[in-house]
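First comes the structure, then the notes that go with it.
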Amino acid sequence: MAQKTAKKIRNQPSSGKKATRPPSLYIWPNLPHQLMDLLARQHSLMQNITSCGGVIKAWRSAYPQCCRPDGKAQRPQLVEINGRRCVEHQKTVNGHRHATEISFHKEYPDCYYKRRVYKKYYPGTRIGGYSHGKLVLMGSTGWYLFLWEPVRGFYGDLPPWNPNLSIKMCTLSSSPDDRKGCNLMLLMGARCAFFRWGKGERAWIMEDCTAKEPYAPSQCMQFINAIGFQGKFYALSLQGSLAVIEDVDSRFRITAIGDSRAVPSKMSRQFREYLVESGGEILLVFLLSRKSIDHVEDVEVFRLDIPKLSWVKVENLGDRTLFLEDECCMGVTASKVGCKKNCIYFSHRRVYDQWWVFDVESGSISPAFGTNVEIQEFLM
C-alpha cells in the first residue's frame, strides 16, 4: 500500500500544452481535471456550477468591534481589496480573456468521438458570470454581450451595453429554458441592470439602489455578490447585508432585507466570500485569512434560512462536496460523482494550479491532489 505524503504542488506552469497558452488567456472552468472529465461525460453537472467565483473583503478595523467617541460599540466596516471580479479591471490592467476547454462527449450512441468547444469563436471575450447552465460573455469592445450555453454551443444576443459601465458579476434568476422566461441581473455596486429574457424586450433596465446600508447608515447598499434562486435574486452588499430582489409590478425592487450580517464568526483579517447553490440550498462559504490573503487558515460554511433570511452555520455537509475557484463555484453530490464527501476544495490563481482541501469534519486543511494516492482518493 502506497504511503500517503503531503507533497506541495510547485507554483509554476506544467510542461506541454498549457505552457503554450498566452499568459493573458484564462481557461474556464478552472476545476480539477478529474472533475473536468466528469463534466465531459455528464453534461447535466454543468447545472451545478452556480456562480462565477468569490469576492475578497477585508476589515477596515483590526478588531471585530470598535467604539465611537461616546463609548458605544459600532460595527466595523468592510472594504473590497481585490478588483479581480471587476470586468473593467481585467480589461484595462490585466488584459485577460477567457477560453473554454471541455471535451464534451457526444450524446448519440453511434458517435464515439469527442468534440471540443472553445470560446475562441468569440475573440477577446470575457466571462461576466455563469448561472443555470449559461455563460454571460462580454465582447472585446464591451458593447456586445451574449448568453451562451457551453454544452450545445447555443448563444443569444443581449442588448448593447455601455462599455464605460464596469460590471462586477452577472447572474440569472432561473433557467432561460423555463417557458415563463427569466431575468438577468448585472451588478455594478450602487447600480444594477436587469434584462427580462424571453419576454420580447430589447433594453436594459437600470435601477439605482437607494436603500440604506444597515451596517453603514450613511451609505446606500452596494451589491458585489449575488445568486439567482427559484426566480429571485439574493444579493450581498459590501457590508454583508442580504437583500431579496424581485420583479414586482414591472419594476425590480428590494422586497426584503435580512436581519443577520453575512460575515465570518471567527476572527480574520481578510476573507473570501462565495455563494453556492447545493442540495436545494443557498450556501455561503468563507475562506479566512489572518495574515495574508494568499494563505487560508480556516473555512466556515453557512446556509440561508430563506423564510427567516438568516444565516445558519453548517457543521456537516453530509454527502456534499464543494469546489471553489476565482471564477467558478460548484457543488456536487459526492456519492453520485464518486468523490470524497463533506469536503471543500478551493484554489485561486494567485498561486498557480494549487488546490487545497478542507475537511469539514476534522477542520483540517491540506494540499489536494499532491500525490497519486490523493488523486485516487478523489475518486473513492
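All residue names refer to the C-alpha cells as shown: chains lettered A, B, ... in order, residues numbered from 1 in each chain, ligands numbered from 1 in order.
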Margin query: Neighbouring residues of Cys220 in chain A were defined as those with any atom within 10 Å, considering only C-alpha atoms; residues of the same chain fewer than 5 positions away were excluded. Please report them as a ChimeraX atom specification.
Written below: /A:189-190,208-215,237
Next item on the list: For Gly279 in chain A, work out the shell of residues within 12 Å, counting only C-alpha atoms and skipping chain neighbours fewer than 5 positions away, then give it as a list in words.
Entry: Asn48, Thr50, Arg303, Leu317, Gly318, Asp319, Arg320, Thr321, Leu322, Met330, Gly331, Val332, Thr333 and Ala334 of chain A
Check: Using only C-alpha atoms, which residues sit within 9 Å of Ala203 in chain A once same-chain residues fewer than 5 positions away are excluded, as a list in words?
Finding: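 Once the adjacent positions are removed, what remains is Leu158, Pro159, Pro160, Phe194, Phe195 and Arg196 of chain A.
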Would you output that residue set with N, CA and C atoms, as a PDB file, in the first residue's frame?
```pdb
ATOM      1  N   LEU A 158     -27.635  39.684 -26.271  1.00  0.00           N
ATOM      2  CA  LEU A 158     -28.220  40.554 -25.266  1.00  0.00           C
ATOM      3  C   LEU A 158     -28.190  41.986 -25.783  1.00  0.00           C
ATOM      4  N   PRO A 159     -28.969  42.883 -25.200  1.00  0.00           N
ATOM      5  CA  PRO A 159     -28.964  44.275 -25.670  1.00  0.00           C
ATOM      6  C   PRO A 159     -27.573  44.889 -25.585  1.00  0.00           C
ATOM      7  N   PRO A 160     -27.251  45.851 -26.441  1.00  0.00           N
ATOM      8  CA  PRO A 160     -25.942  46.523 -26.396  1.00  0.00           C
ATOM      9  C   PRO A 160     -25.683  47.110 -25.010  1.00  0.00           C
ATOM     10  N   PHE A 194     -30.930  45.164 -15.281  1.00  0.00           N
ATOM     11  CA  PHE A 194     -31.765  43.972 -15.416  1.00  0.00           C
ATOM     12  C   PHE A 194     -32.222  43.824 -16.862  1.00  0.00           C
ATOM     13  N   PHE A 195     -32.411  42.564 -17.251  1.00  0.00           N
ATOM     14  CA  PHE A 195     -32.952  42.268 -18.573  1.00  0.00           C
ATOM     15  C   PHE A 195     -33.905  41.093 -18.448  1.00  0.00           C
ATOM     16  N   ARG A 196     -35.096  41.237 -19.024  1.00  0.00           N
ATOM     17  CA  ARG A 196     -36.093  40.167 -18.995  1.00  0.00           C
ATOM     18  C   ARG A 196     -35.906  39.290 -20.235  1.00  0.00           C
TER      19      ARG A 196
END
```
Checklist line | Who sits within 6 Å of range 355-365 of chain A, only C-alpha atoms, same chain under 2 positions skipped, as a list in words | finding: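 Near range 355-365 of chain A, the qualifying residues are Asn342, Cys343, Ile344, Tyr345, Phe346, Ser347, Pro367 and Ala368 of chain A.
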Would you put the residues from that selection into a file with N, CA, C and O atoms, as a CSV table (one decimal), in the first residue's frame?
```
chain,number,residue,atom,x,y,z
A,342,ASN,N,-18.2,15.6,2.3
A,342,ASN,CA,-18.0,16.5,3.4
A,342,ASN,C,-16.7,17.3,3.3
A,342,ASN,O,-16.0,17.4,4.3
A,343,CYS,N,-16.4,17.7,2.1
A,343,CYS,CA,-15.1,18.4,1.9
A,343,CYS,C,-15.4,19.7,1.1
A,343,CYS,O,-16.3,19.8,0.3
A,344,ILE,N,-14.4,20.6,1.2
A,344,ILE,CA,-14.4,21.8,0.4
A,344,ILE,C,-13.1,22.0,-0.3
A,344,ILE,O,-12.1,22.1,0.4
A,345,TYR,N,-13.0,21.9,-1.6
A,345,TYR,CA,-11.8,22.1,-2.4
A,345,TYR,C,-11.8,23.5,-2.8
A,345,TYR,O,-12.8,24.1,-3.3
A,346,PHE,N,-10.6,24.2,-2.7
A,346,PHE,CA,-10.5,25.6,-3.1
A,346,PHE,C,-9.2,25.9,-3.7
A,346,PHE,O,-8.2,25.2,-3.4
A,347,SER,N,-9.2,26.9,-4.5
A,347,SER,CA,-8.0,27.4,-5.2
A,347,SER,C,-8.1,28.8,-5.6
A,347,SER,O,-9.3,29.3,-5.6
A,367,PRO,N,-2.9,20.1,1.3
A,367,PRO,CA,-2.9,20.2,-0.2
A,367,PRO,C,-3.7,19.1,-0.8
A,367,PRO,O,-3.7,17.9,-0.4
A,368,ALA,N,-4.4,19.4,-1.9
A,368,ALA,CA,-5.2,18.4,-2.6
A,368,ALA,C,-4.4,18.0,-3.9
A,368,ALA,O,-3.7,18.8,-4.5
```
Check: With only C-alpha atoms as the basis for distance, which of A:Leu39, A:Leu187, A:Tyr26, A:Ile205 is at the shortest distance from Ile127 in chain A?
Finding: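 Ranking A:Leu39, A:Leu187, A:Tyr26, A:Ile205 by distance to Ile127 in chain A, first place goes to A:Tyr26.
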Check: Out of A:Ser310, A:Thr255, A:Ser140, A:Asn225, which residue has the shortest atom-to-atom distance to Leu186 in chain A when counting only C-alpha atoms?
Finding: A:Asn225
Excluding same-chain residues fewer than 4 positions from Pro264 in chain A, what lies within 8 Å of it counting only C-alpha atoms, as a PDB file with C-alpha atoms, in the first residue's frame?
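New file result-v4.pdb:
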```
ATOM      1  CA  SER A 268      -9.896  37.135  10.421  1.00  0.00           C
ATOM      2  CA  PHE A 286     -15.851  31.971   3.878  1.00  0.00           C
ATOM      3  CA  LEU A 288     -10.499  33.030   6.308  1.00  0.00           C
ATOM      4  CA  GLU A 300     -16.712  28.448   7.565  1.00  0.00           C
TER       5      GLU A 300
END
```
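Between CA of Asp326 in chain A and CA of Asn30 in chain A the interatomic distance comes to 8.5 Å.
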Checklist line | For His132 in chain A: contacts at 10 Å, only C-alpha atoms, fewer than 2 positions along chain excluded, given as a count of residues only | finding: 19
Next item on the list: Mind giving me the straight-line distance from CA of Gly280 in chain A to CA of Pro150 in chain A in Å, one decimal?
Entry: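 Those two atoms sit 23.1 Å apart.
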Next item on the list: Return as a list in words the full set of residues in range 191-350 of chain A whose backbone-based DSSP assignment is helix (DSSP H, G or I).
Entry: Ala334, Ser335, Lys336 and Val337 of chain A
Would you save the residues of that selection, restricted to N, CA and C atoms, as a compact mmCIF listing (two decimals), in the first residue's frame?
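The resulting selection13.txt:
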```
# COMPACT_ATOMS: atom_id res chain seq x y z
N ALA A 334 -21.51 13.88 -3.54
CA ALA A 334 -20.28 13.09 -3.59
C ALA A 334 -20.54 11.65 -4.05
N SER A 335 -21.61 11.04 -3.55
CA SER A 335 -21.87 9.64 -3.91
C SER A 335 -22.23 9.48 -5.38
N LYS A 336 -22.78 10.53 -6.01
CA LYS A 336 -23.17 10.43 -7.41
C LYS A 336 -22.00 10.62 -8.37
N VAL A 337 -21.04 11.45 -7.97
CA VAL A 337 -19.91 11.70 -8.86
C VAL A 337 -18.67 10.90 -8.45
```
Margin query: Report, in Å to a single decimal, how far apart CA of Gln270 in chain A and CA of Leu238 in chain A are.
Written below: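 The value is 13.2 Å.
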